[in-house]
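This is start.csv. It holds CSV, C-alpha atoms.
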```csv
chain,number,residue,atom,x,y,z
X,674,MET,CA,99.4,16.4,-37.4
X,675,LYS,CA,99.6,20.2,-37.4
X,676,ARG,CA,103.0,21.5,-38.4
X,677,GLU,CA,102.7,24.0,-35.5
X,678,TRP,CA,102.9,21.1,-33.1
X,679,TYR,CA,106.6,20.6,-34.2
X,680,ILE,CA,107.8,24.1,-33.4
X,681,GLY,CA,108.3,26.2,-30.3
X,682,HIS,CA,107.9,29.7,-31.9
X,683,LYS,CA,106.0,30.4,-35.1
X,684,PHE,CA,108.9,32.4,-36.6
X,685,GLN,CA,110.6,29.1,-37.2
X,686,LEU,CA,108.2,29.0,-40.1
X,687,TYR,CA,106.5,32.3,-40.7
X,688,GLY,CA,105.6,35.7,-39.2
X,689,VAL,CA,107.1,39.1,-38.8
X,690,GLU,CA,110.1,40.3,-36.8
X,691,GLU,CA,111.3,43.9,-36.3
X,692,TYR,CA,114.9,44.8,-36.5
X,693,VAL,CA,116.6,48.1,-35.8
X,694,LEU,CA,119.8,48.7,-37.8
X,695,ASN,CA,122.7,50.1,-35.6
X,696,LYS,CA,125.6,50.5,-37.9
X,697,GLY,CA,126.6,52.7,-40.9
X,698,LYS,CA,124.3,55.0,-42.8
X,699,GLY,CA,121.3,52.7,-42.1
X,700,LYS,CA,121.6,53.3,-38.4
X,701,GLY,CA,118.2,53.7,-36.7
X,702,SER,CA,116.2,52.3,-39.6
X,703,VAL,CA,113.4,49.9,-38.6
X,704,VAL,CA,113.2,46.9,-41.0
X,705,LEU,CA,110.4,44.2,-40.9
X,706,HIS,CA,111.5,40.7,-41.7
X,707,VAL,CA,108.6,38.7,-43.1
X,708,LYS,CA,108.5,34.9,-43.8
X,709,ASN,CA,105.5,33.1,-45.3
X,710,GLY,CA,106.5,29.5,-44.3
X,711,LEU,CA,106.9,28.4,-47.9
X,712,GLY,CA,110.5,29.7,-48.5
X,713,LEU,CA,109.6,33.3,-49.3
X,714,GLU,CA,111.2,36.0,-47.2
X,715,LEU,CA,111.2,39.8,-47.6
X,716,TYR,CA,112.4,42.8,-45.7
X,717,ILE,CA,110.3,46.0,-45.5
X,718,ASN,CA,112.1,49.3,-44.7
X,719,THR,CA,109.8,51.5,-42.6
X,720,ASP,CA,112.3,54.4,-42.9
X,721,ARG,CA,112.1,54.5,-46.7
X,722,GLY,CA,108.5,54.6,-48.0
X,723,PHE,CA,107.5,51.1,-46.7
X,724,ASP,CA,109.4,49.7,-49.7
X,725,ILE,CA,110.8,46.2,-50.0
X,726,SER,CA,114.6,46.2,-49.5
X,727,MET,CA,115.2,42.5,-50.1
X,728,LEU,CA,113.3,39.5,-51.4
X,729,THR,CA,114.6,35.9,-51.2
X,730,TYR,CA,113.1,32.5,-52.1
X,731,LYS,CA,114.5,29.3,-50.6
X,732,GLY,CA,117.8,31.1,-49.9
X,733,ASP,CA,118.3,32.7,-53.3
X,734,SER,CA,118.1,36.4,-53.6
X,735,LEU,CA,115.7,37.7,-56.3
X,736,SER,CA,116.6,41.3,-55.8
X,737,TYR,CA,119.5,43.7,-56.2
X,738,LEU,CA,121.1,45.6,-53.3
X,739,SER,CA,123.1,48.5,-54.5
X,740,PRO,CA,126.6,49.4,-53.2
X,741,ASN,CA,124.9,52.0,-51.0
X,742,GLY,CA,123.3,49.3,-48.9
X,743,TYR,CA,120.8,50.5,-46.3
X,744,VAL,CA,120.8,54.3,-46.1
X,745,ALA,CA,118.5,56.1,-43.6
X,746,SER,CA,116.2,58.9,-44.9
X,747,GLN,CA,118.2,61.7,-43.3
X,748,TYR,CA,121.0,61.2,-45.8
X,749,TYR,CA,118.8,62.0,-48.8
X,750,ASP,CA,120.1,64.6,-51.2
X,751,ASP,CA,117.2,66.1,-53.1
X,752,LYS,CA,119.3,68.1,-55.6
X,753,GLY,CA,119.4,66.9,-59.2
X,754,SER,CA,120.5,63.3,-59.3
X,755,GLY,CA,121.4,63.2,-55.5
X,756,PHE,CA,118.8,60.4,-55.2
X,757,LEU,CA,121.5,58.0,-56.4
X,758,LYS,CA,123.7,58.6,-53.3
X,759,SER,CA,121.1,56.9,-51.2
X,760,PHE,CA,119.5,54.5,-53.8
X,761,THR,CA,119.3,51.2,-52.0
X,762,ALA,CA,117.4,49.7,-55.0
X,763,GLY,CA,116.4,46.6,-53.2
X,764,PHE,CA,113.4,44.7,-54.6
X,765,LEU,CA,111.2,47.7,-54.6
X,766,THR,CA,111.9,51.4,-54.6
X,767,THR,CA,108.8,53.5,-55.1
X,768,CYS,CA,109.3,56.7,-57.2
X,769,GLY,CA,106.9,59.6,-57.0
X,770,LEU,CA,104.5,60.9,-55.9
X,771,THR,CA,104.5,64.1,-58.0
X,772,GLN,CA,107.7,63.4,-60.1
X,773,VAL,CA,109.3,60.4,-61.7
X,774,GLY,CA,112.4,60.1,-63.8
X,775,SER,CA,114.9,62.7,-65.0
X,776,PRO,CA,115.4,65.9,-63.0
X,777,ASN,CA,113.5,68.7,-64.7
X,778,ILE,CA,111.7,72.0,-64.1
X,779,ASP,CA,107.9,71.9,-64.5
X,780,SER,CA,105.6,74.8,-63.9
X,781,GLY,CA,108.4,76.6,-62.1
X,782,GLU,CA,109.1,73.8,-59.7
X,783,GLU,CA,112.5,72.2,-59.6
X,784,LEU,CA,112.1,68.4,-59.5
X,785,PRO,CA,114.8,65.9,-58.5
X,786,LEU,CA,115.5,62.5,-59.9
X,787,HIS,CA,112.5,60.1,-59.2
X,788,GLY,CA,110.9,62.4,-56.7
X,789,THR,CA,111.1,62.3,-52.9
X,790,TYR,CA,108.7,59.6,-51.9
X,791,SER,CA,111.2,56.7,-51.3
X,792,ASN,CA,113.1,58.8,-48.8
X,793,ILE,CA,110.0,59.5,-46.5
X,794,PRO,CA,109.7,57.4,-43.3
X,795,CYS,CA,106.3,55.8,-42.5
X,796,SER,CA,104.1,57.9,-40.2
X,797,ASN,CA,102.7,54.7,-38.8
X,798,TYR,CA,102.5,50.9,-39.6
X,799,ILE,CA,100.8,47.8,-38.3
X,800,TYR,CA,100.7,44.1,-39.3
X,801,GLU,CA,98.5,41.1,-38.8
X,802,ASP,CA,99.1,37.4,-39.2
X,803,ASN,CA,96.3,34.9,-39.9
X,804,ASN,CA,95.9,31.4,-41.3
X,805,ASP,CA,95.9,32.5,-45.0
X,806,PHE,CA,98.2,35.6,-45.2
X,807,ILE,CA,100.3,38.2,-43.5
X,808,MET,CA,99.2,41.8,-44.1
X,809,LEU,CA,101.4,44.8,-43.4
X,810,LYS,CA,100.0,48.3,-43.6
X,811,GLY,CA,102.0,51.5,-43.7
X,812,ILE,CA,101.1,55.2,-44.0
X,813,VAL,CA,103.4,57.6,-45.8
X,814,LEU,CA,102.7,61.4,-46.0
X,815,ASP,CA,104.2,63.1,-49.0
X,816,GLU,CA,103.1,66.6,-47.9
X,817,THR,CA,104.7,70.0,-48.0
X,818,ILE,CA,103.5,73.4,-46.8
X,819,PHE,CA,102.4,75.6,-49.7
X,820,SER,CA,102.6,72.6,-52.0
X,821,HIS,CA,101.0,69.1,-52.6
X,822,LYS,CA,99.5,67.1,-49.8
X,823,LEU,CA,99.4,63.4,-50.8
X,824,MET,CA,98.9,60.5,-48.4
X,825,LEU,CA,99.8,56.9,-49.5
X,826,VAL,CA,98.3,54.0,-47.5
X,827,ARG,CA,100.1,50.8,-48.6
X,828,LYS,CA,99.1,47.3,-47.9
X,829,ILE,CA,101.5,44.5,-48.6
X,830,ILE,CA,99.7,41.1,-48.5
X,831,ILE,CA,101.9,38.0,-48.5
X,832,SER,CA,100.1,34.7,-49.0
X,833,LYS,CA,100.9,31.8,-46.6
X,834,LEU,CA,99.3,29.3,-49.1
X,835,THR,CA,101.1,30.4,-52.3
X,836,ASN,CA,104.2,32.5,-53.0
X,837,ASP,CA,102.2,35.6,-54.0
X,838,ILE,CA,102.6,39.2,-52.9
X,839,LYS,CA,100.0,41.9,-53.5
X,840,ILE,CA,100.9,45.6,-53.2
X,841,ILE,CA,97.9,47.8,-52.9
X,842,ASP,CA,98.4,51.6,-52.7
X,843,GLU,CA,95.6,54.0,-51.9
X,844,ILE,CA,96.7,57.6,-52.7
X,845,THR,CA,94.6,60.5,-51.3
X,846,ASN,CA,94.9,64.2,-52.1
X,847,ASN,CA,94.4,65.8,-48.7
X,848,GLY,CA,95.1,69.3,-50.1
X,849,ASP,CA,92.7,71.8,-51.5
X,850,GLN,CA,94.2,71.9,-55.0
X,851,GLN,CA,94.6,69.5,-57.9
X,852,SER,CA,98.0,67.8,-57.9
X,853,PRO,CA,100.1,65.9,-60.4
X,854,LEU,CA,100.3,62.2,-59.6
X,855,GLU,CA,103.3,60.2,-60.8
X,856,ILE,CA,104.2,56.8,-59.5
X,857,LEU,CA,106.6,54.1,-60.7
X,858,TYR,CA,107.3,50.8,-59.0
X,859,HIS,CA,111.1,50.4,-59.4
X,860,ILE,CA,111.3,46.6,-59.1
X,861,ASN,CA,114.9,45.5,-59.2
X,862,LEU,CA,116.0,41.9,-60.1
X,863,GLY,CA,119.5,40.8,-59.1
X,864,TYR,CA,121.9,37.9,-58.9
X,865,PRO,CA,121.5,34.9,-58.7
X,866,LEU,CA,118.1,35.3,-60.3
X,867,LEU,CA,119.7,37.7,-62.8
X,868,ASP,CA,122.5,36.4,-64.9
X,869,GLU,CA,123.1,35.5,-68.6
X,870,ASN,CA,120.6,32.5,-68.2
X,871,LEU,CA,117.6,34.7,-67.3
X,872,ILE,CA,114.8,34.6,-69.8
X,873,ILE,CA,112.2,37.4,-69.8
X,874,GLU,CA,109.0,37.5,-71.7
X,875,SER,CA,106.0,39.8,-71.7
X,876,ASN,CA,102.6,40.5,-73.3
X,877,SER,CA,103.7,44.0,-74.2
X,878,ILE,CA,102.7,45.0,-77.8
X,879,ASN,CA,105.3,47.7,-78.3
X,880,VAL,CA,108.9,48.3,-77.2
X,881,GLU,CA,110.4,51.8,-77.5
X,882,ALA,CA,114.0,52.7,-76.8
X,883,ARG,CA,114.6,55.7,-74.6
X,884,ASN,CA,117.6,56.9,-76.6
X,885,LYS,CA,119.9,56.2,-79.5
X,886,HIS,CA,122.2,54.0,-77.5
X,887,ALA,CA,119.3,51.8,-76.3
X,888,GLU,CA,117.9,51.7,-79.9
X,889,GLU,CA,121.1,50.1,-81.2
X,890,TYR,CA,120.4,47.1,-78.9
X,891,ILE,CA,116.6,47.0,-79.1
X,892,LYS,CA,116.5,43.5,-80.6
X,893,MET,CA,118.3,42.3,-77.4
X,894,TRP,CA,115.8,43.9,-75.0
X,895,ASN,CA,115.0,40.5,-73.5
X,896,LYS,CA,118.5,39.0,-73.5
X,897,MET,CA,120.9,39.2,-70.6
X,898,ILE,CA,124.7,39.0,-70.6
X,899,PRO,CA,127.4,38.6,-67.9
X,900,PRO,CA,128.6,41.7,-66.1
X,901,GLN,CA,130.5,44.1,-68.5
X,902,GLU,CA,133.2,46.7,-67.7
X,903,GLY,CA,132.0,50.2,-68.6
X,904,PHE,CA,128.4,49.0,-69.5
X,905,GLU,CA,126.1,51.9,-70.4
X,906,GLU,CA,122.6,51.6,-69.1
X,907,MET,CA,119.7,51.1,-71.5
X,908,CYS,CA,116.0,51.8,-71.0
X,909,TYR,CA,113.0,50.5,-72.9
X,910,TYR,CA,109.4,51.5,-72.6
X,911,HIS,CA,106.7,48.8,-73.0
X,912,THR,CA,103.1,49.4,-73.7
X,913,PHE,CA,100.2,46.9,-73.5
X,914,LYS,CA,96.9,46.1,-75.1
X,915,GLU,CA,95.5,43.4,-72.7
X,916,LYS,CA,94.1,44.9,-69.5
X,917,GLU,CA,96.3,42.7,-67.3
X,918,ALA,CA,99.9,43.4,-68.3
X,919,TYR,CA,102.7,41.0,-67.2
X,920,PHE,CA,106.4,40.3,-67.2
X,921,ASN,CA,107.9,36.9,-66.6
X,922,ALA,CA,111.6,36.4,-65.6
X,923,TYR,CA,112.8,32.8,-65.2
X,924,ASN,CA,116.3,31.4,-64.6
X,925,SER,CA,116.7,27.7,-65.4
X,926,ARG,CA,120.1,27.5,-63.6
X,927,ILE,CA,118.4,28.0,-60.2
X,928,ASN,CA,114.9,26.9,-61.3
X,929,LYS,CA,113.2,30.1,-60.0
X,930,GLY,CA,111.1,32.7,-61.6
X,931,ILE,CA,109.0,35.8,-60.9
X,932,LYS,CA,105.9,37.1,-62.6
X,933,ILE,CA,105.0,40.8,-62.2
X,934,SER,CA,101.4,41.8,-63.3
X,935,PHE,CA,99.3,44.9,-63.1
X,936,ASN,CA,96.3,46.6,-64.6
X,937,ILE,CA,97.0,49.1,-67.4
X,938,ASP,CA,94.0,51.2,-66.4
X,939,GLN,CA,96.0,52.1,-63.3
X,940,LEU,CA,99.6,51.7,-64.6
X,941,SER,CA,99.8,52.1,-68.3
X,942,PHE,CA,103.6,51.8,-68.9
X,943,LEU,CA,106.5,49.5,-67.9
X,944,THR,CA,110.0,50.8,-68.0
X,945,GLU,CA,112.7,48.2,-68.5
X,946,TRP,CA,116.1,49.3,-67.1
X,947,LYS,CA,119.1,47.2,-68.1
X,948,MET,CA,122.2,47.9,-66.2
X,949,LEU,CA,124.6,45.0,-66.6
X,950,GLY,CA,127.8,46.5,-65.3
X,951,ILE,CA,130.3,45.1,-62.8
X,952,ARG,CA,128.7,45.3,-59.4
X,953,ASP,CA,126.1,47.5,-61.0
X,954,TYR,CA,124.3,44.4,-62.3
X,955,VAL,CA,120.5,44.9,-62.2
X,956,LEU,CA,117.4,44.5,-64.3
X,957,GLY,CA,114.6,47.0,-63.5
X,958,LEU,CA,111.0,46.0,-64.4
X,959,GLU,CA,109.1,49.1,-63.4
X,960,PRO,CA,105.3,49.4,-63.8
X,961,GLY,CA,104.1,53.0,-63.7
X,962,ASN,CA,101.6,55.6,-64.8
X,963,CYS,CA,104.4,57.4,-66.6
X,964,THR,CA,107.8,56.8,-68.1
X,965,ALA,CA,111.2,57.8,-66.7
X,966,ASP,CA,111.6,61.0,-68.7
X,967,GLY,CA,110.3,63.4,-66.0
X,968,ARG,CA,107.1,65.3,-65.3
X,969,LYS,CA,107.7,68.1,-67.7
X,970,THR,CA,107.9,65.6,-70.6
X,971,MET,CA,104.7,63.8,-69.4
X,972,ARG,CA,102.9,67.2,-69.3
X,973,GLU,CA,104.1,68.1,-72.8
X,974,LYS,CA,102.9,64.7,-74.2
X,975,GLY,CA,99.5,65.2,-72.5
X,976,ILE,CA,99.8,62.0,-70.5
X,977,LEU,CA,100.4,63.5,-67.0
X,978,GLU,CA,97.9,62.1,-64.5
X,979,PHE,CA,96.3,64.4,-61.9
X,980,ILE,CA,94.5,63.7,-58.6
X,981,GLU,CA,91.8,66.1,-57.4
X,982,SER,CA,91.3,67.5,-53.9
X,983,ASN,CA,89.9,64.8,-51.6
X,984,GLU,CA,90.1,62.2,-54.4
X,985,THR,CA,91.6,58.7,-53.7
X,986,LYS,CA,93.2,56.6,-56.4
X,987,VAL,CA,94.3,53.0,-56.1
X,988,LYS,CA,97.3,51.3,-57.7
X,989,GLU,CA,98.1,47.6,-57.5
X,990,VAL,CA,101.0,45.4,-58.4
X,991,ASN,CA,101.0,41.6,-58.1
X,992,ILE,CA,104.1,39.4,-57.6
X,993,HIS,CA,104.2,35.6,-58.1
X,994,ILE,CA,107.3,33.6,-57.3
X,995,TYR,CA,107.5,30.1,-58.8
X,996,GLU,CA,109.6,27.0,-59.7
X,997,LYS,CA,109.0,24.8,-62.7
```
Please express what this file holds, its structure, as C-alpha cells.
Amino acid sequence: MKREWYIGHKFQLYGVEEYVLNKGKGKGSVVLHVKNGLGLELYINTDRGFDISMLTYKGDSLSYLSPNGYVASQYYDDKGSGFLKSFTAGFLTTCGLTQVGSPNIDSGEELPLHGTYSNIPCSNYIYEDNNDFIMLKGIVLDETIFSHKLMLVRKIIISKLTNDIKIIDEITNNGDQQSPLEILYHINLGYPLLDENLIIESNSINVEARNKHAEEYIKMWNKMIPPQEGFEEMCYYHTFKEKEAYFNAYNSRINKGIKISFNIDQLSFLTEWKMLGIRDYVLGLEPGNCTADGRKTMREKGILEFIESNETKVKEVNIHIYEK
C-alpha cells in the first residue's frame, strides 16, 4: 500500500506551506514551513536572507531562538553591534557577504557586526516537491550603489528519503570591480539538543582561543554545562586537514544528533561560539571562509577572500540529523 492512500492532503506527511506573520516585530514576514515526512521540520524566513529560523526533529528543537524572536528586516540597525537587536539566531543566520565578525573600519569603509546579508529580504523564491526531495530556491541581492554588487542564489535541498539537508550557495559578483567576499554560516544549536549531556566531536586538527578568557577554558571546548548566571561567551577557531571537515553533536538524553560537514577548499574555518548563559543558552558551530574577527583583521593576515567581476563562487554546507 502507498502511504499516500491513507491521507487526504500531502502536508499531513510532507511538503511546504507559506505563513505570513501578523504580530510583533516579525509582522509581514513570510515563513516557509517544510516537512520531509520522516520527522524533520524546518522554517525558512524569506524576509531574512532565506535563512533557517527553526529546525526540529520528531518534536524536539535542535536550534536556538533568541529572545528577539522573529524580527522583520525593516528593524535592522546597521550601526556597530546593532545587529544583535534583531538577531533571531534560529538554526541558521548567514553572515556576510563582504564583512563577518566584529565591527571595524577597512579601506575607509565602516563595517557593522556580521555584515548586512541576514537582514536582506529575498528578491524571489520558488520551491518544488518530488519523490526524493524538496528543493527551495531563493535569490538575495547584496548590492549597493557606488559599492559592491553581489547576488546569492541559495538552494536548500531536503531529502525525503533520509534526514539530510544540503545548502548550496552560488555567489556572483555582478559589479565591475573586485569585491571582498566573506561568508559565515552561523548555525545555532539550542535546547533540548543542547544541554550538559551534549557531546561534540570533530576532525579539526587545531583549536585556537579567540581571547584570554576563552584560552582559560580551552580544554573544555567540547564540554557543555547547565545555564550559568553571568556567563561570558567564548569563541574557538577550528582548522582542518582533511578535505571534508565535520562536527558531530549528540545528546544521549534525547537520542538525537546532528552532523555538520563542509569542504575546506570552500570554507576553511569553523568558529565555535559557546554562550551558556541563562536564556542566552546556545552553541554556535559556524563554518566560514573567515573567522569572526572582522574584515580588517582578515586583510591584515592575508587570508581575505575576493571575488572578481562576473565571477561565481559556490559554497556548500551539509546537515545530517540522526538517532543512534
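Minimum atom-to-atom distances from X:Leu823, X:Ile951, X:Leu871, X:Ile830 to Tyr790 (chain X) were compared using all atoms listed in the file, and the lowest value belongs to X:Leu823.
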Write out as number ranges by chain each polymer residue whose atoms come within 10 Å of region 806-815 of chain X, counting all atoms listed in the file; drop sequence neighbours fewer than 4 positions from it. X: 687-689, 705, 707-709, 717, 719-724, 769-771, 789-802, 821-835, 837-847
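Nearest-residue note for Tyr743 (chain X): choosing from X:Thr729, X:His787, X:Gly975, X:Lys698, the minimum distance belongs to X:Lys698, counting only C-alpha atoms.
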Can you list, as number ranges by chain, every protein, DNA or RNA residue that comes within 6 Å of region 752-767 of chain X when you count only C-alpha atoms, leaving out same-chain residues fewer than 4 positions away? X: 724-727, 736-739, 741-744, 776, 785-786, 791, 858-861
Quick one: residues within 9 Å of region 931-933 of chain X, all atoms listed in the file, excluding same-chain residues fewer than 3 positions away - as an mmCIF file with C-alpha atoms, keeping the file's coordinate frame?
```
data_model
loop_
_atom_site.group_PDB
_atom_site.id
_atom_site.type_symbol
_atom_site.label_atom_id
_atom_site.label_comp_id
_atom_site.auth_asym_id
_atom_site.auth_seq_id
_atom_site.Cartn_x
_atom_site.Cartn_y
_atom_site.Cartn_z
ATOM 1 C CA LEU X 735 115.700 37.700 -56.300
ATOM 2 C CA ALA X 918 99.900 43.400 -68.300
ATOM 3 C CA TYR X 919 102.700 41.000 -67.200
ATOM 4 C CA PHE X 920 106.400 40.300 -67.200
ATOM 5 C CA ASN X 921 107.900 36.900 -66.600
ATOM 6 C CA ALA X 922 111.600 36.400 -65.600
ATOM 7 C CA TYR X 923 112.800 32.800 -65.200
ATOM 8 C CA LEU X 958 111.000 46.000 -64.400
ATOM 9 C CA PRO X 960 105.300 49.400 -63.800
ATOM 10 C CA VAL X 990 101.000 45.400 -58.400
ATOM 11 C CA ASN X 991 101.000 41.600 -58.100
ATOM 12 C CA ILE X 992 104.100 39.400 -57.600
ATOM 13 C CA HIS X 993 104.200 35.600 -58.100
ATOM 14 C CA ILE X 994 107.300 33.600 -57.300
ATOM 15 C CA TYR X 995 107.500 30.100 -58.800
ATOM 16 C CA GLU X 996 109.600 27.000 -59.700
#
```
